[in-house]
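Asks: The following block contains the structure, expressed as structure tokens.
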Amino acid sequence: MTQLNNKYLLDDDYYKKVFNKFPEAVIILDKEKIIECNNLSLNLFEYSNKGDLVGKNFYDLLYYDEKIDESTAKDFKKIIKDKKSFRWLLKKANGNSFLAEVSFVKESGNFLNVFVRDVSKESEMFDLLTQKEEEYTNFFRHNNAIMLLVDPRNNKIVDANKSACEYYGYSKKELLKLKTDDINVLSKENLNKEIKKVKSGEKRAYGLKNKLSNGEIRDVKAFIEPIKINEKVLLHTIVYDVTEELDIKRKYKFLTDNDSLTKLYNKDFFINELDKRIKKNEKVSILLIDIDGFSKINDNLGHIVGDLILKEISIRLKKYKDVFDVISRFGGDEFILLYESVNIREIFEISKRILDLFNKPFIIDKHRIYLSASIGLSLYPYHGLNSSFLIKNAETAMYKAKDCKEDKIILYDKNFNSELWEQFTIENKLRNSIEKDELYIKYQPVVSTKTGKVIGAEALLRWESEEMGFIPPDKFIPIAESSGMIYKIGNWVLKNACIQNRKWIDQGFNPIFMAVNISSKQLEQLDFPDIVINILKETKLSSKFLELEITESVCAKNFDRIIKNLNKLKKLGIKISMDDFGTGYSSLNKLKELNINKLKIDKSFLMDIKKIENTKIITAIISMAKSLGVDIVAEGVETNEHLHFLKGKMCDMLQGYFFSKPVSDTTFEKLLSKKYI
């Protein structure tokens with residue numbers, strides 16, 4: 001049992017019930033320290049409270065005349081490593097010893113399940129085999145334990161006590177006509193191998209499946225000892241029915257190995273299996289699957305619907321149980337698969353088939369839900385020499401796949417790590433950028449083609465990190481959005497831009513509009529209009545001097561909520577501008593719904609004005625804007641050719657390096673009275 005299982009499963013009522021009703025004493029070790037035990041353990045070792053046993057070193061339970069030294073401890077560790085079970089004298093709370101059969105089940109990490117059974121009475125039984133035949137006969141006939149005498153030469157049952165007859169459902173006469181082959185489901189070949197081990201003294205016990213007279217199959221554990229009677233060697237067999245015990249063990253193992261929701265293998269089982277393959281140096285592949293946008297299902301439809309979808313996904317994945325060595329739920333909405341090949345073509349083909357499982361909608365409580373998934377791949381030994389690195393690298397590739405619009409299957413590349421490290425460093429430093437006064441705003445003028453004067457400014461965020469130097473906006477703004485820092489940073493920009501515009505007005509300059517870029521994540525906030533209103537009140541700036549710039553990406557996310565927020569802002573007199581127009585995917589219909597005041601032509605169209613296609617696009621955008629009654633701004637104006645072309649097309653406003661690059665507030669003041677055209 002792994003730490004994860006111990007931490008969570010032992011808090012589970014069903015698991016606790018199985019654990020405490022287990023028919024054997026069970027102790028859980030972390031290295032040599034006892035961290036958990038069931039009720040039978042307390043009874044067996046005669047401790048009154050769990051606290052008296054938990055916390056002890058397992059060596060404290062071993063019976064030795066002297067204290068265990070380092071050499072003995074090493075011997076004991078070797079026994080654990082080499083054998084699944086052995087017999088040992090253990091010590092009770094009062095110091096008395098008893099003979100026990102100890103079995104170990106190794107889990108991942110340092111954790112061990114230890115099963116302990118008192119075999120003192122069984123040992124006493126076998127001791128009697130060396131005594132007089134008459135005493136043995138009385139012992140055999142009248143014992144409640146199921147006992148058989150078997151002739152090893154032909155596997156014939158030569159004697160059986162009353163308990164054996166009752167158990168197998170035969171009269172003694174009927175039972176003595178049978179061979180062990182007749183009651184054992186185990187193949188004759190395997191049975192003979194086991195009996196040879198018993199004869200040689202190599203083994204005293206083994207598990208079997210026995211068939212009763214009514215045809216019922218039962219799990220049994222048989223303890224066998226050679227005995228000489230009338231100069232003939234026979235096998236004295238004591239049989240214990242362990243059917244219920246094994247059923248509980250199987251349930252116990254299922255709980256530790258499987259995910260409680262989907263019934264797929266869990267994360268710990270997957271890691272154990274991967275570790276086994278690595279130990280054998282087998283070439284294997286890992287497919288890490290993540291469901292795109294799954295959090296929205298839980299947020300909008302509830303966790304019950306989300307759980308039902310995860311169950312349905314697991315059912316679909318099980319169709320490939322013969323293809324993959326292990327199919328596991330890794331946690332949350334992630335699944336991880338183990339494939340016994342590193343053939344790239346094969347892996348991509350099977351990955352595409354996995355993605356095809358999501359083409360069919362999930363129908364849950366009358367909801368038709370369409371989902372997509374992203375898959376990250378890593379291969380052993382090429383992408384890591386242990387399970388931790390392989391899984392981490394598959395996860396890195398998966399996140400890369402999530403950023404792709406089409407290729408949703410990505411094989412890990414070592415270059416991802418440097419890219420991720422840079423993103424991590426930027427995110428870490430960005431968190432304190434406001435407090436460390438590292439953020440600042442530059443302003444670029446917007447010029448009227450009619451007057452030739454500055455009528456507006458665009459506030460452009462910049463970041464000069466004390467440790468990393470200047471970080472371009474296209475690097476840190478996406479990270480601010482994905483990390484959620486955009487809310488705090490966006491509000492800071494909006495407030496400081498409004499403060500600056502109010503300052504210029506107070507200094508006597510002609511009022512201009514201040515354009516501030518707004519993230520779609522900010523617009524999705526229910527209280528965003530209230531945030532803007534409070535900033536305007538605090539800075540004492542009139543709403544008619546504020547313009548919010550959005551991009552076409554707003555059309556793809558929570559569009560209805562964004563429309564409501566934009567309508568509230570427009571009623572306040574705030575202008576709405578669409579930045580980088582022509583590079584996104586907004587339709588005319590959505591453009592109309594947004595009810596914007598201004599379109600900004602992306603500068604990429606002016607980069608090569610000599611291309612007929614570019615001039616046609618610019619002309620079409622200006623014509624469309626005029627027909628909609630929307631103002632038009634051209635970005636990226638850098639030459640006289642740009643200026644004359646745009647003036648000829650009746651473009652309303654211009655912005656670009658031809659007039660000024662983004663500058664500080666003090667430098668910008670000098671531009672406010674300047675005439676450019």
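Letters for chains follow the order of the structure tokens (A, B, ...), residue numbers begin at 1 for each chain, and ligand numbers begin at 1 in the order shown.
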List as a ChimeraX atom specification the protein and nucleic acid residues near Tyr487 of chain A, meaning an atom at most 12 Å away when only C-alpha atoms are counted, but skip any in the same chain fewer than 6 places from it.

Replies: /A:431,477,480-481,493-494,518-525,527-528,531

Asks: For the residues selected in the previous step, produce a file with all heavy atoms as a CSV table (one decimal), in the first residue's frame.

Replies:
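Output below, filename result.csv:
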```csv
chain,number,residue,atom,x,y,z
A,431,ARG,N,4.9,37.7,-10.1
A,431,ARG,CA,4.0,37.8,-9.0
A,431,ARG,C,4.3,39.0,-8.1
A,431,ARG,O,3.4,39.5,-7.4
A,431,ARG,CB,4.0,36.5,-8.1
A,431,ARG,CG,3.4,35.3,-8.9
A,431,ARG,CD,3.2,34.1,-8.0
A,431,ARG,NE,2.6,33.0,-8.8
A,431,ARG,CZ,1.3,32.9,-9.1
A,431,ARG,NH1,0.5,33.8,-8.7
A,431,ARG,NH2,0.9,31.9,-9.8
A,477,ILE,N,2.6,38.6,-20.8
A,477,ILE,CA,1.1,38.8,-20.7
A,477,ILE,C,0.4,37.4,-20.8
A,477,ILE,O,-0.6,37.2,-20.1
A,477,ILE,CB,0.6,39.8,-21.7
A,477,ILE,CG1,1.1,41.2,-21.3
A,477,ILE,CG2,-0.9,39.8,-21.9
A,477,ILE,CD1,0.7,42.3,-22.2
A,480,ALA,N,0.6,35.8,-17.6
A,480,ALA,CA,-0.3,36.5,-16.6
A,480,ALA,C,-1.7,36.0,-16.7
A,480,ALA,O,-2.4,35.9,-15.7
A,480,ALA,CB,-0.2,38.0,-16.8
A,481,GLU,N,-2.1,35.8,-18.0
A,481,GLU,CA,-3.5,35.3,-18.2
A,481,GLU,C,-3.7,33.9,-17.8
A,481,GLU,O,-4.7,33.6,-17.1
A,481,GLU,CB,-3.8,35.4,-19.7
A,481,GLU,CG,-4.0,36.9,-20.2
A,481,GLU,CD,-4.4,37.0,-21.7
A,481,GLU,OE1,-3.9,36.2,-22.5
A,481,GLU,OE2,-5.2,37.9,-22.0
A,493,VAL,N,-3.0,48.6,-14.5
A,493,VAL,CA,-2.8,49.3,-15.7
A,493,VAL,C,-3.9,50.3,-15.9
A,493,VAL,O,-3.7,51.5,-16.2
A,493,VAL,CB,-2.6,48.4,-16.9
A,493,VAL,CG1,-2.6,49.2,-18.2
A,493,VAL,CG2,-1.4,47.5,-16.8
A,494,LEU,N,-5.2,49.8,-15.7
A,494,LEU,CA,-6.3,50.6,-16.0
A,494,LEU,C,-6.3,51.8,-15.0
A,494,LEU,O,-6.6,53.0,-15.5
A,494,LEU,CB,-7.6,49.8,-15.8
A,494,LEU,CG,-8.9,50.5,-16.0
A,494,LEU,CD1,-9.0,50.9,-17.5
A,494,LEU,CD2,-10.1,49.5,-15.7
A,518,ILE,N,-7.7,45.4,-22.7
A,518,ILE,CA,-8.4,44.6,-21.7
A,518,ILE,C,-8.4,43.1,-22.1
A,518,ILE,O,-8.8,42.8,-23.2
A,518,ILE,CB,-9.9,45.1,-21.5
A,518,ILE,CG1,-9.9,46.5,-21.0
A,518,ILE,CG2,-10.6,44.2,-20.5
A,518,ILE,CD1,-9.2,46.8,-19.7
A,519,SER,N,-8.0,42.2,-21.2
A,519,SER,CA,-8.0,40.8,-21.5
A,519,SER,C,-9.4,40.2,-21.5
A,519,SER,O,-10.3,40.7,-20.8
A,519,SER,CB,-7.1,40.1,-20.4
A,519,SER,OG,-7.4,38.7,-20.4
A,520,SER,N,-9.6,39.2,-22.3
A,520,SER,CA,-10.9,38.5,-22.3
A,520,SER,C,-11.2,38.0,-21.0
A,520,SER,O,-12.4,37.9,-20.6
A,520,SER,CB,-11.0,37.5,-23.4
A,520,SER,OG,-10.0,36.5,-23.1
A,521,LYS,N,-10.2,37.6,-20.2
A,521,LYS,CA,-10.5,37.0,-18.8
A,521,LYS,C,-11.0,38.1,-17.9
A,521,LYS,O,-11.9,37.8,-17.1
A,521,LYS,CB,-9.2,36.4,-18.3
A,521,LYS,CG,-8.7,35.1,-18.9
A,521,LYS,CD,-7.6,34.5,-18.2
A,521,LYS,CE,-7.2,33.1,-18.7
A,521,LYS,NZ,-8.3,32.1,-18.5
A,522,GLN,N,-10.5,39.3,-18.1
A,522,GLN,CA,-11.1,40.4,-17.3
A,522,GLN,C,-12.6,40.7,-17.7
A,522,GLN,O,-13.4,40.9,-16.8
A,522,GLN,CB,-10.3,41.7,-17.5
A,522,GLN,CG,-8.9,41.7,-16.9
A,522,GLN,CD,-8.1,43.0,-17.3
A,522,GLN,OE1,-7.5,43.0,-18.4
A,522,GLN,NE2,-8.2,44.0,-16.5
A,523,LEU,N,-12.8,40.6,-19.0
A,523,LEU,CA,-14.2,40.9,-19.4
A,523,LEU,C,-15.2,39.8,-19.0
A,523,LEU,O,-16.4,40.0,-18.9
A,523,LEU,CB,-14.2,41.0,-21.0
A,523,LEU,CG,-13.8,42.3,-21.6
A,523,LEU,CD1,-13.6,42.2,-23.1
A,523,LEU,CD2,-14.7,43.4,-21.2
A,524,GLU,N,-14.7,38.6,-18.7
A,524,GLU,CA,-15.5,37.5,-18.2
A,524,GLU,C,-16.0,37.7,-16.8
A,524,GLU,O,-16.9,37.0,-16.3
A,524,GLU,CB,-14.8,36.2,-18.4
A,524,GLU,CG,-14.6,35.8,-19.9
A,524,GLU,CD,-13.7,34.5,-20.0
A,524,GLU,OE1,-13.3,34.0,-19.0
A,524,GLU,OE2,-13.5,34.1,-21.1
A,525,GLN,N,-15.3,38.5,-16.0
A,525,GLN,CA,-15.6,38.7,-14.6
A,525,GLN,C,-17.0,39.4,-14.5
A,525,GLN,O,-17.3,40.4,-15.2
A,525,GLN,CB,-14.6,39.7,-13.9
A,525,GLN,CG,-13.2,39.1,-13.8
A,525,GLN,CD,-12.3,40.1,-13.2
A,525,GLN,OE1,-11.7,41.0,-13.9
A,525,GLN,NE2,-12.1,40.1,-11.9
A,527,ASP,N,-18.1,41.1,-12.1
A,527,ASP,CA,-18.1,42.5,-11.5
A,527,ASP,C,-17.2,43.4,-12.2
A,527,ASP,O,-16.8,44.5,-11.7
A,527,ASP,CB,-17.6,42.4,-10.0
A,527,ASP,CG,-16.2,41.8,-9.9
A,527,ASP,OD1,-15.7,41.2,-10.9
A,527,ASP,OD2,-15.7,41.9,-8.8
A,528,PHE,N,-16.8,43.1,-13.5
A,528,PHE,CA,-15.8,44.0,-14.2
A,528,PHE,C,-16.4,45.4,-14.4
A,528,PHE,O,-15.6,46.4,-14.2
A,528,PHE,CB,-15.4,43.3,-15.5
A,528,PHE,CG,-14.4,44.2,-16.3
A,528,PHE,CD1,-13.1,44.3,-15.8
A,528,PHE,CD2,-14.7,44.8,-17.4
A,528,PHE,CE1,-12.2,45.1,-16.5
A,528,PHE,CE2,-13.8,45.6,-18.1
A,528,PHE,CZ,-12.5,45.7,-17.6
A,531,ILE,N,-15.8,47.3,-11.3
A,531,ILE,CA,-14.3,47.6,-11.2
A,531,ILE,C,-14.0,48.9,-11.9
A,531,ILE,O,-13.3,49.8,-11.4
A,531,ILE,CB,-13.5,46.5,-11.6
A,531,ILE,CG1,-13.6,45.3,-10.6
A,531,ILE,CG2,-12.0,46.9,-11.7
A,531,ILE,CD1,-13.0,44.0,-11.1
```

Asks: Looking only at alpha helix (DSSP H) from DSSP on the backbone, list the matching residues of segment 238-412 of chain A as a count of residues only.

Replies: 80

Asks: Using only C-alpha atoms, find the one residue out of A:Trp492, A:Phe86, A:Phe362, A:Lys92 that sits nearest to Tyr47 of chain A.

Replies: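 Closest candidate: A:Lys92.
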
Asks: Identify, on the basis of only C-alpha atoms, every residue whose closest approach to segment 306-318 of chain A does not exceed 8 Å; exclude the query and any residue fewer than 2 positions from it along the same chain; express the result as a VMD selection string.

Replies: chain A and resid 261 to 262 264 294 297 to 298 301 to 304 320 to 321 327 333 354 357 362 364

Asks: Neighbouring residues of segment 508-513 of chain A were defined as those with any atom within 6 Å, considering only C-alpha atoms; residues of the same chain fewer than 5 positions away were excluded. Please report them as a VMD selection string.

Replies: chain A and resid 455 to 456 545 to 546

Asks: Restricting it to N, CA and C atoms, dump the selection as a PDB file, in the first residue's frame.

Replies:
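Written file, result_8.pdb:
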```pdb
ATOM      1  N   ILE A 455      -5.031  62.979 -30.690  1.00  0.00           N
ATOM      2  CA  ILE A 455      -6.368  62.977 -30.072  1.00  0.00           C
ATOM      3  C   ILE A 455      -6.545  61.832 -29.073  1.00  0.00           C
ATOM      4  N   GLY A 456      -5.542  60.991 -29.007  1.00  0.00           N
ATOM      5  CA  GLY A 456      -5.645  59.863 -28.085  1.00  0.00           C
ATOM      6  C   GLY A 456      -4.298  59.242 -27.798  1.00  0.00           C
ATOM      7  N   PHE A 545     -13.509  59.890 -21.745  1.00  0.00           N
ATOM      8  CA  PHE A 545     -12.085  59.926 -22.067  1.00  0.00           C
ATOM      9  C   PHE A 545     -11.397  58.570 -21.852  1.00  0.00           C
ATOM     10  N   LEU A 546     -12.219  57.536 -21.706  1.00  0.00           N
ATOM     11  CA  LEU A 546     -11.666  56.182 -21.553  1.00  0.00           C
ATOM     12  C   LEU A 546     -12.145  55.295 -22.689  1.00  0.00           C
TER      13      LEU A 546
END
```

Asks: Name the closest residue to Glu282 of chain A among the candidates A:Val150, A:Ile34, A:Ile489, A:Leu379; distances are taken between atoms, counting only C-alpha atoms.

Replies: A:Leu379

Asks: I'd like the neighbourhood of Ala373 of chain A as an MDAnalysis selection string, where a residue qualifies if any of its atoms comes within 7 Å (using only C-alpha atoms), though same-chain residues fewer than 5 positions away should be ignored.

Replies: chainID A and resid 289:292 355

Asks: For Tyr339 of chain A, list every protein, DNA or RNA residue within 9 Å, evaluated using only C-alpha atoms, and leave out those in the same chain fewer than 2 positions away; present the list as a ChimeraX atom specification.

Replies: /A:284-287,323-326,337,341-342,347

Asks: Applying 9 Å and only C-alpha atoms, which residues near Asn496 of chain A remain after dropping the ones on its own chain fewer than 4 positions away? List them as a list of chain:residue names.

Replies: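 The filter keeps A:Ile441, A:Asn491, A:Trp492, A:Gln500, A:Asn501, A:Thr539.
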
Asks: Would you compute the distance between atom CA of Asp181 of chain A and atom CA of Arg218 of chain A? Give it in Å to one decimal.

Replies: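 It comes out at 14.8 Å.
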
Asks: Quick check for you: according to DSSP on this backbone, which residues of segment 468-534 of chain A are classed as strand (DSSP E)? Reply as a list in words.

Replies: Gly469, Phe470, Ile471, Phe513, Met514, Ala515, Val516 and Asn517 of chain A

Asks: Show me, as a Markdown table, the residues of segment 330-447 of chain A having an atom within 10 Å of segment 659-671 of chain A, each with the closest atom pair and its distance in Å, using only C-alpha atoms.

Replies:
```
| residue | atom | partner | partner_atom | distance |
| --- | --- | --- | --- | --- |
| A:Tyr440 | CA | A:Ser664 | CA | 8.9 |
| A:Ile441 | CA | A:Ser664 | CA | 7.2 |
| A:Lys442 | CA | A:Ser664 | CA | 5.0 |
| A:Tyr443 | CA | A:Pro662 | CA | 4.9 |
| A:Gln444 | CA | A:Pro662 | CA | 4.2 |
| A:Pro445 | CA | A:Ser660 | CA | 6.8 |
| A:Val446 | CA | A:Phe659 | CA | 8.5 |
| A:Val447 | CA | A:Phe659 | CA | 8.0 |
```

Asks: Include N, CA and C atoms and write out the residues we just selected as a JSON list (two decimals), in the first residue's frame.

Replies:
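Final output, result08.json:
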```json
[["chain", "number", "residue", "atom", "x", "y", "z"],
["A", 440, "TYR", "N", 5.64, 49.38, -15.57],
["A", 440, "TYR", "CA", 5.44, 50.79, -15.93],
["A", 440, "TYR", "C", 4.66, 50.85, -17.24],
["A", 441, "ILE", "N", 4.17, 52.05, -17.57],
["A", 441, "ILE", "CA", 3.34, 52.22, -18.77],
["A", 441, "ILE", "C", 4.02, 53.20, -19.72],
["A", 442, "LYS", "N", 4.01, 52.84, -20.99],
["A", 442, "LYS", "CA", 4.43, 53.78, -22.02],
["A", 442, "LYS", "C", 3.20, 54.13, -22.86],
["A", 443, "TYR", "N", 3.26, 55.28, -23.52],
["A", 443, "TYR", "CA", 2.09, 55.80, -24.23],
["A", 443, "TYR", "C", 2.47, 56.09, -25.68],
["A", 444, "GLN", "N", 1.61, 55.60, -26.61],
["A", 444, "GLN", "CA", 1.84, 55.88, -28.03],
["A", 444, "GLN", "C", 0.69, 56.73, -28.55],
["A", 445, "PRO", "N", 1.01, 57.84, -29.25],
["A", 445, "PRO", "CA", -0.05, 58.75, -29.70],
["A", 445, "PRO", "C", -0.91, 58.19, -30.84],
["A", 446, "VAL", "N", -2.17, 58.60, -30.84],
["A", 446, "VAL", "CA", -3.10, 58.32, -31.93],
["A", 446, "VAL", "C", -3.42, 59.67, -32.57],
["A", 447, "VAL", "N", -3.16, 59.79, -33.89],
["A", 447, "VAL", "CA", -3.25, 61.07, -34.59],
["A", 447, "VAL", "C", -4.48, 61.10, -35.50]]
```
